[in-house]
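Below: one structure, written as structure tokens.
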Amino acid sequence: MDLYKINQSKNSLNKVRVSSFNIERELQDLIENNLELVLGIQFIVSEFTVGHYRLDTVAYDSEVRAFVIIEYKRTSKDSVVDQGTAYLNTLLQHKADFTLAYNEKLGARARVADFDWTQTRVVFIAGSYTNYQKDAIDNPNLPIELYEARKLRMAI
């Protein structure tokens with residue numbers, strides 16, 4: 001379905017063009033700079049290396065006292081469920097590293113016991129997802145969320 005923007009002065013519609021982000025980092029920077037507005041969570045660290053992995057963004061959800069790992073994907077062909085599960089497992093194996101990152105960012109003195117590790121989740125943000133990916137995360141016991149992000153521009 002096409003999208004249109006209303007031109008109030010001319011009482012007409014202008015078509016809006018939908019496009020994807022050219023590079024993953026462009027999307028990552030946009031989301032990280034607007035995390036509280038977009039997802040209601042606090043930015044902690046970008047490109048966080050822990051265990052065998054480098055996590056795109058680590059954030060904190062103060063409402064549930066838990067960490068949120070955010071991963072960005074350019075295409076729907078990239079893996080999400082196995083990557084998300086691996087990241088959750090890594091977080092639970094490296095709680096002290098996440099606590100230290102939190103303390104360094106916020107100047108806090110939190111302890112590992114201060115967080116609710118059962119509320120941790122992984123968020124993927126991409127232009128689109130396959131039906132298999134959408135079906136795979138449709139499980140209330142799997143703390144993985146999928147969000148789609150696209151650019152909207154006025155068509156010329």
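Residue numbers start at 1 in each chain; chains themselves are named A, B, ... in the order of the structure tokens; ligands are numbered from 1 in the order shown.
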Each segment 51-88 of chain A residue no farther than 7 Å from segment 117-125 of chain A, nearest pair in Å, only C-alpha atoms, as CSV:
residue,atom,partner,partner_atom,distance
A:Val64,CA,A:Gln119,CA,6.6
A:Ala66,CA,A:Thr120,CA,5.2
A:Phe67,CA,A:Thr120,CA,5.2
A:Val68,CA,A:Arg121,CA,5.1
A:Ile69,CA,A:Val122,CA,4.7
A:Ile70,CA,A:Val123,CA,4.7
A:Glu71,CA,A:Phe124,CA,4.8
A:Tyr72,CA,A:Ile125,CA,4.9
A:Lys73,CA,A:Ile125,CA,6.2
A:Gly84,CA,A:Val122,CA,6.0
Sorted by chain and rising residue number, which residues of segment 23-93 of chain A lie within 9 Å of segment 126-140 of chain A, and what are their closest atom pairs and distances in Å to one decimal, counting only C-alpha atoms, as CSV?
residue,atom,partner,partner_atom,distance
A:Glu24,CA,A:Ala126,CA,8.7
A:Leu27,CA,A:Ala126,CA,8.6
A:Glu71,CA,A:Ala126,CA,8.6
A:Tyr72,CA,A:Ala126,CA,5.8
A:Lys73,CA,A:Ala126,CA,4.7
A:Arg74,CA,A:Ala126,CA,5.7
A:Thr75,CA,A:Gly127,CA,6.3
A:Ser76,CA,A:Tyr129,CA,4.5
A:Lys77,CA,A:Thr130,CA,7.4
A:Asp78,CA,A:Tyr129,CA,8.9
A:Ser79,CA,A:Gln133,CA,8.2
A:Val80,CA,A:Gln133,CA,7.1
A:Val81,CA,A:Ile137,CA,7.0
Could you save those same residues with C-alpha atoms as a compact mmCIF listing (two decimals), in the first residue's frame?
# COMPACT_ATOMS: atom_id res chain seq x y z
CA GLU A 24 23.68 -0.91 9.24
CA LEU A 27 20.40 2.75 11.45
CA GLU A 71 21.06 -5.82 17.07
CA TYR A 72 20.62 -4.19 13.69
CA LYS A 73 20.19 -6.06 10.40
CA ARG A 74 20.27 -4.74 6.86
CA THR A 75 18.35 -7.65 5.35
CA SER A 76 15.86 -10.28 6.42
CA LYS A 77 18.24 -13.05 5.37
CA ASP A 78 20.43 -12.53 8.42
CA SER A 79 19.94 -14.87 11.36
CA VAL A 80 17.97 -13.66 14.35
CA VAL A 81 16.73 -16.48 16.58
Run DSSP on the backbone and give me the residues of chain A it puts in alpha helix (DSSP H), as a ChimeraX atom specification. /A:24-32,35-39,81-93,95-106,131-136
Skipping near chain neighbours, those fewer than 6 positions away, what residues fall within 7 Å of segment 88-99 of chain A using only C-alpha atoms, listed as a ChimeraX atom specification? /A:51,110-112
Write out as a PDB file with N, CA, C and O atoms, in the first residue's frame each polymer residue whose atoms come within 12 Å of Ile41 of chain A, counting only C-alpha atoms; drop sequence neighbours fewer than 3 positions from it.
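Once written, around.pdb looks like this:
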ATOM      1  N   ILE A  31      19.114   5.018  15.973  1.00  0.00           N
ATOM      2  CA  ILE A  31      18.407   4.415  17.112  1.00  0.00           C
ATOM      3  C   ILE A  31      19.116   4.741  18.424  1.00  0.00           C
ATOM      4  O   ILE A  31      18.474   5.130  19.406  1.00  0.00           O
ATOM      5  N   GLU A  32      20.443   4.584  18.460  1.00  0.00           N
ATOM      6  CA  GLU A  32      21.177   4.855  19.707  1.00  0.00           C
ATOM      7  C   GLU A  32      20.972   6.295  20.172  1.00  0.00           C
ATOM      8  O   GLU A  32      20.836   6.544  21.372  1.00  0.00           O
ATOM      9  N   ASN A  33      20.934   7.235  19.240  1.00  0.00           N
ATOM     10  CA  ASN A  33      20.751   8.644  19.600  1.00  0.00           C
ATOM     11  C   ASN A  33      19.320   8.972  20.031  1.00  0.00           C
ATOM     12  O   ASN A  33      19.072  10.065  20.544  1.00  0.00           O
ATOM     13  N   ASN A  34      18.404   8.032  19.818  1.00  0.00           N
ATOM     14  CA  ASN A  34      16.992   8.271  20.146  1.00  0.00           C
ATOM     15  C   ASN A  34      16.368   7.107  20.921  1.00  0.00           C
ATOM     16  O   ASN A  34      15.164   6.893  20.851  1.00  0.00           O
ATOM     17  N   LEU A  35      17.165   6.372  21.656  1.00  0.00           N
ATOM     18  CA  LEU A  35      16.681   5.180  22.357  1.00  0.00           C
ATOM     19  C   LEU A  35      15.530   5.460  23.315  1.00  0.00           C
ATOM     20  O   LEU A  35      14.566   4.702  23.352  1.00  0.00           O
ATOM     21  N   GLU A  36      15.642   6.524  24.084  1.00  0.00           N
ATOM     22  CA  GLU A  36      14.569   6.802  25.043  1.00  0.00           C
ATOM     23  C   GLU A  36      13.272   7.148  24.335  1.00  0.00           C
ATOM     24  O   GLU A  36      12.198   6.721  24.763  1.00  0.00           O
ATOM     25  N   LEU A  37      13.350   7.879  23.245  1.00  0.00           N
ATOM     26  CA  LEU A  37      12.156   8.235  22.479  1.00  0.00           C
ATOM     27  C   LEU A  37      11.560   7.017  21.786  1.00  0.00           C
ATOM     28  O   LEU A  37      10.349   6.776  21.858  1.00  0.00           O
ATOM     29  N   VAL A  38      12.395   6.212  21.138  1.00  0.00           N
ATOM     30  CA  VAL A  38      11.916   5.104  20.318  1.00  0.00           C
ATOM     31  C   VAL A  38      11.498   3.888  21.142  1.00  0.00           C
ATOM     32  O   VAL A  38      10.433   3.309  20.913  1.00  0.00           O
ATOM     33  N   ILE A  44      23.499   2.378  27.055  1.00  0.00           N
ATOM     34  CA  ILE A  44      24.626   2.076  27.938  1.00  0.00           C
ATOM     35  C   ILE A  44      25.935   2.071  27.154  1.00  0.00           C
ATOM     36  O   ILE A  44      26.862   2.793  27.469  1.00  0.00           O
ATOM     37  N   THR A  57      24.380  -2.811  20.413  1.00  0.00           N
ATOM     38  CA  THR A  57      23.988  -1.832  21.432  1.00  0.00           C
ATOM     39  C   THR A  57      23.543  -2.562  22.692  1.00  0.00           C
ATOM     40  O   THR A  57      22.798  -3.536  22.621  1.00  0.00           O
ATOM     41  N   VAL A  58      23.995  -2.060  23.823  1.00  0.00           N
ATOM     42  CA  VAL A  58      23.487  -2.525  25.109  1.00  0.00           C
ATOM     43  C   VAL A  58      22.758  -1.347  25.740  1.00  0.00           C
ATOM     44  O   VAL A  58      23.284  -0.231  25.796  1.00  0.00           O
ATOM     45  N   ALA A  59      21.540  -1.601  26.186  1.00  0.00           N
ATOM     46  CA  ALA A  59      20.714  -0.568  26.802  1.00  0.00           C
ATOM     47  C   ALA A  59      20.162  -1.105  28.112  1.00  0.00           C
ATOM     48  O   ALA A  59      20.342  -2.283  28.443  1.00  0.00           O
ATOM     49  N   TYR A  60      19.465  -0.232  28.835  1.00  0.00           N
ATOM     50  CA  TYR A  60      18.913  -0.611  30.131  1.00  0.00           C
ATOM     51  C   TYR A  60      17.470  -0.150  30.228  1.00  0.00           C
ATOM     52  O   TYR A  60      17.145   1.004  29.918  1.00  0.00           O
ATOM     53  N   ASP A  61      16.606  -1.071  30.658  1.00  0.00           N
ATOM     54  CA  ASP A  61      15.190  -0.777  30.854  1.00  0.00           C
ATOM     55  C   ASP A  61      14.957  -0.599  32.350  1.00  0.00           C
ATOM     56  O   ASP A  61      14.910  -1.580  33.110  1.00  0.00           O
ATOM     57  N   SER A  62      14.831   0.647  32.797  1.00  0.00           N
ATOM     58  CA  SER A  62      14.701   0.932  34.231  1.00  0.00           C
ATOM     59  C   SER A  62      13.367   0.459  34.806  1.00  0.00           C
ATOM     60  O   SER A  62      13.273   0.204  36.010  1.00  0.00           O
ATOM     61  N   GLU A  63      12.341   0.321  33.972  1.00  0.00           N
ATOM     62  CA  GLU A  63      11.042  -0.137  34.476  1.00  0.00           C
ATOM     63  C   GLU A  63      11.098  -1.564  34.997  1.00  0.00           C
ATOM     64  O   GLU A  63      10.414  -1.910  35.959  1.00  0.00           O
ATOM     65  N   VAL A  64      11.906  -2.406  34.351  1.00  0.00           N
ATOM     66  CA  VAL A  64      11.996  -3.812  34.777  1.00  0.00           C
ATOM     67  C   VAL A  64      13.379  -4.159  35.329  1.00  0.00           C
ATOM     68  O   VAL A  64      13.656  -5.304  35.635  1.00  0.00           O
ATOM     69  N   ARG A  65      14.262  -3.137  35.422  1.00  0.00           N
ATOM     70  CA  ARG A  65      15.619  -3.303  35.948  1.00  0.00           C
ATOM     71  C   ARG A  65      16.396  -4.386  35.188  1.00  0.00           C
ATOM     72  O   ARG A  65      16.983  -5.285  35.794  1.00  0.00           O
ATOM     73  N   ALA A  66      16.378  -4.287  33.853  1.00  0.00           N
ATOM     74  CA  ALA A  66      17.019  -5.323  33.043  1.00  0.00           C
ATOM     75  C   ALA A  66      17.715  -4.725  31.825  1.00  0.00           C
ATOM     76  O   ALA A  66      17.343  -3.657  31.337  1.00  0.00           O
ATOM     77  N   PHE A  67      18.677  -5.475  31.335  1.00  0.00           N
ATOM     78  CA  PHE A  67      19.417  -5.067  30.148  1.00  0.00           C
ATOM     79  C   PHE A  67      18.659  -5.472  28.884  1.00  0.00           C
ATOM     80  O   PHE A  67      17.919  -6.447  28.874  1.00  0.00           O
ATOM     81  N   VAL A  68      18.896  -4.684  27.835  1.00  0.00           N
ATOM     82  CA  VAL A  68      18.328  -4.949  26.519  1.00  0.00           C
ATOM     83  C   VAL A  68      19.485  -4.928  25.530  1.00  0.00           C
ATOM     84  O   VAL A  68      20.246  -3.963  25.479  1.00  0.00           O
ATOM     85  N   ILE A  69      19.618  -6.003  24.782  1.00  0.00           N
ATOM     86  CA  ILE A  69      20.619  -6.074  23.720  1.00  0.00           C
ATOM     87  C   ILE A  69      19.909  -5.748  22.417  1.00  0.00           C
ATOM     88  O   ILE A  69      18.871  -6.336  22.117  1.00  0.00           O
ATOM     89  N   ILE A  70      20.469  -4.817  21.652  1.00  0.00           N
ATOM     90  CA  ILE A  70      19.855  -4.433  20.383  1.00  0.00           C
ATOM     91  C   ILE A  70      20.817  -4.778  19.252  1.00  0.00           C
ATOM     92  O   ILE A  70      21.992  -4.422  19.305  1.00  0.00           O
ATOM     93  N   VAL A 123      16.485  -7.247  21.155  1.00  0.00           N
ATOM     94  CA  VAL A 123      15.667  -6.560  20.164  1.00  0.00           C
ATOM     95  C   VAL A 123      16.444  -6.521  18.854  1.00  0.00           C
ATOM     96  O   VAL A 123      17.611  -6.123  18.842  1.00  0.00           O
TER      97      VAL A 123
END
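Take atom CA of Leu39 of chain A and atom CA of Tyr53 of chain A: the distance between them is 23.3 Å.
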For each of A:Lys105, A:Arg17, A:Lys10, A:Ala86, take the minimum atom-to-atom distance to Ser46 of chain A, counting only C-alpha atoms, then give the residue where this is smallest.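 With only C-alpha atoms as the atom set, the closest residue is A:Lys105.
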DSSP-assigned strand (DSSP E) among chain A, expressed as a VMD selection string: chain A and resid 3 to 7 12 to 19 42 to 50 53 to 61 66 to 73 121 to 126 144 to 148 151 to 154
Atoms to include: N, CA and C atoms. Write the selected residues as a compact mmCIF listing (two decimals), in the first residue's frame.
# COMPACT_ATOMS: atom_id res chain seq x y z
N LEU A 3 2.00 5.15 0.67
CA LEU A 3 1.84 6.12 1.73
C LEU A 3 1.82 7.51 1.12
N TYR A 4 1.04 8.41 1.73
CA TYR A 4 0.93 9.77 1.24
C TYR A 4 1.01 10.75 2.39
N LYS A 5 1.57 11.92 2.11
CA LYS A 5 1.59 13.02 3.06
C LYS A 5 0.59 14.06 2.57
N ILE A 6 -0.18 14.58 3.51
CA ILE A 6 -1.17 15.58 3.15
C ILE A 6 -0.51 16.94 2.99
N ASN A 7 -0.74 17.59 1.88
CA ASN A 7 -0.30 18.95 1.62
C ASN A 7 -1.50 19.84 1.95
N SER A 12 -4.02 18.48 -1.17
CA SER A 12 -3.63 17.39 -2.07
C SER A 12 -2.73 16.41 -1.31
N LEU A 13 -2.40 15.33 -1.99
CA LEU A 13 -1.54 14.31 -1.41
C LEU A 13 -0.22 14.23 -2.18
N ASN A 14 0.86 14.02 -1.45
CA ASN A 14 2.17 13.78 -2.05
C ASN A 14 2.61 12.38 -1.67
N LYS A 15 3.02 11.61 -2.64
CA LYS A 15 3.44 10.23 -2.39
C LYS A 15 4.74 10.21 -1.59
N VAL A 16 4.81 9.27 -0.65
CA VAL A 16 6.00 9.09 0.18
C VAL A 16 6.73 7.85 -0.31
N ARG A 17 8.03 7.99 -0.51
CA ARG A 17 8.86 6.87 -0.98
C ARG A 17 9.48 6.16 0.23
N VAL A 18 9.42 4.84 0.23
CA VAL A 18 9.98 4.03 1.30
C VAL A 18 11.30 3.46 0.83
N SER A 19 12.34 3.59 1.66
CA SER A 19 13.64 3.02 1.31
C SER A 19 14.28 2.41 2.55
N GLN A 42 17.40 3.30 28.25
CA GLN A 42 18.62 4.10 28.33
C GLN A 42 19.76 3.44 27.56
N PHE A 43 20.51 4.24 26.84
CA PHE A 43 21.72 3.77 26.15
C PHE A 43 22.81 3.53 27.19
N ILE A 44 23.50 2.38 27.06
CA ILE A 44 24.63 2.08 27.94
C ILE A 44 25.93 2.07 27.15
N VAL A 45 26.02 1.24 26.10
CA VAL A 45 27.28 1.15 25.37
C VAL A 45 27.03 0.62 23.96
N SER A 46 27.89 1.05 23.04
CA SER A 46 27.83 0.62 21.65
C SER A 46 29.01 -0.30 21.37
N GLU A 47 28.80 -1.30 20.52
CA GLU A 47 29.86 -2.23 20.11
C GLU A 47 30.54 -2.86 21.33
N PHE A 48 29.74 -3.47 22.18
CA PHE A 48 30.20 -4.06 23.44
C PHE A 48 30.69 -5.48 23.19
N THR A 49 31.96 -5.71 23.47
CA THR A 49 32.54 -7.04 23.29
C THR A 49 32.48 -7.79 24.61
N VAL A 50 31.87 -8.97 24.55
CA VAL A 50 31.75 -9.82 25.73
C VAL A 50 31.74 -11.27 25.25
N TYR A 53 31.43 -12.53 21.42
CA TYR A 53 30.57 -11.70 20.58
C TYR A 53 30.81 -10.21 20.75
N ARG A 54 30.40 -9.46 19.73
CA ARG A 54 30.36 -8.01 19.79
C ARG A 54 28.90 -7.62 19.61
N LEU A 55 28.32 -7.03 20.63
CA LEU A 55 26.91 -6.64 20.62
C LEU A 55 26.79 -5.22 20.09
N ASP A 56 25.86 -4.99 19.17
CA ASP A 56 25.72 -3.67 18.57
C ASP A 56 25.42 -2.60 19.62
N THR A 57 24.38 -2.81 20.41
CA THR A 57 23.99 -1.83 21.43
C THR A 57 23.54 -2.56 22.69
N VAL A 58 23.99 -2.06 23.82
CA VAL A 58 23.49 -2.52 25.11
C VAL A 58 22.76 -1.35 25.74
N ALA A 59 21.54 -1.60 26.19
CA ALA A 59 20.71 -0.57 26.80
C ALA A 59 20.16 -1.11 28.11
N TYR A 60 19.47 -0.23 28.84
CA TYR A 60 18.91 -0.61 30.13
C TYR A 60 17.47 -0.15 30.23
N ASP A 61 16.61 -1.07 30.66
CA ASP A 61 15.19 -0.78 30.85
C ASP A 61 14.96 -0.60 32.35
N ALA A 66 16.38 -4.29 33.85
CA ALA A 66 17.02 -5.32 33.04
C ALA A 66 17.72 -4.73 31.83
N PHE A 67 18.68 -5.48 31.34
CA PHE A 67 19.42 -5.07 30.15
C PHE A 67 18.66 -5.47 28.88
N VAL A 68 18.90 -4.68 27.84
CA VAL A 68 18.33 -4.95 26.52
C VAL A 68 19.49 -4.93 25.53
N ILE A 69 19.62 -6.00 24.78
CA ILE A 69 20.62 -6.07 23.72
C ILE A 69 19.91 -5.75 22.42
N ILE A 70 20.47 -4.82 21.65
CA ILE A 70 19.86 -4.43 20.38
C ILE A 70 20.82 -4.78 19.25
N GLU A 71 20.29 -5.46 18.26
CA GLU A 71 21.06 -5.82 17.07
C GLU A 71 20.37 -5.26 15.85
N TYR A 72 21.15 -4.80 14.90
CA TYR A 72 20.62 -4.19 13.69
C TYR A 72 20.95 -5.08 12.51
N LYS A 73 20.01 -5.21 11.59
CA LYS A 73 20.19 -6.06 10.40
C LYS A 73 19.81 -5.27 9.16
N ARG A 121 16.18 -8.97 27.50
CA ARG A 121 15.64 -9.31 26.19
C ARG A 121 16.58 -8.83 25.08
N VAL A 122 16.34 -9.38 23.88
CA VAL A 122 17.09 -9.00 22.70
C VAL A 122 16.12 -8.40 21.70
N VAL A 123 16.49 -7.25 21.16
CA VAL A 123 15.67 -6.56 20.16
C VAL A 123 16.44 -6.52 18.85
N PHE A 124 15.80 -6.95 17.78
CA PHE A 124 16.38 -6.83 16.45
C PHE A 124 15.63 -5.74 15.71
N ILE A 125 16.38 -4.90 15.00
CA ILE A 125 15.78 -3.84 14.20
C ILE A 125 16.32 -3.99 12.78
N ALA A 126 15.40 -4.18 11.84
CA ALA A 126 15.79 -4.41 10.44
C ALA A 126 14.72 -3.84 9.51
N ILE A 144 12.74 -12.32 22.64
CA ILE A 144 13.30 -11.71 21.44
C ILE A 144 12.19 -10.94 20.74
N GLU A 145 12.48 -9.69 20.39
CA GLU A 145 11.51 -8.84 19.72
C GLU A 145 12.06 -8.40 18.36
N LEU A 146 11.17 -8.28 17.38
CA LEU A 146 11.54 -7.82 16.05
C LEU A 146 10.85 -6.50 15.75
N TYR A 147 11.62 -5.52 15.31
CA TYR A 147 11.07 -4.24 14.89
C TYR A 147 11.56 -3.95 13.47
N GLU A 148 10.69 -3.37 12.67
CA GLU A 148 11.06 -2.99 11.31
C GLU A 148 11.29 -1.48 11.26
N LYS A 151 13.14 4.16 5.96
CA LYS A 151 13.13 5.60 5.77
C LYS A 151 11.92 5.97 4.91
N LEU A 152 11.32 7.07 5.23
CA LEU A 152 10.22 7.61 4.43
C LEU A 152 10.66 8.96 3.90
N ARG A 153 10.56 9.13 2.57
CA ARG A 153 10.95 10.38 1.92
C ARG A 153 9.85 10.81 0.96
N MET A 154 9.77 12.08 0.78
CA MET A 154 8.81 12.61 -0.18
C MET A 154 9.26 12.24 -1.59
Quick check, in Å to one decimal: how far apart do atom CA of Glu104 of chain A and atom CA of Gln28 of chain A lie?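 Interatomic distance, atom CA of Glu104 of chain A to atom CA of Gln28 of chain A: 21.3 Å.
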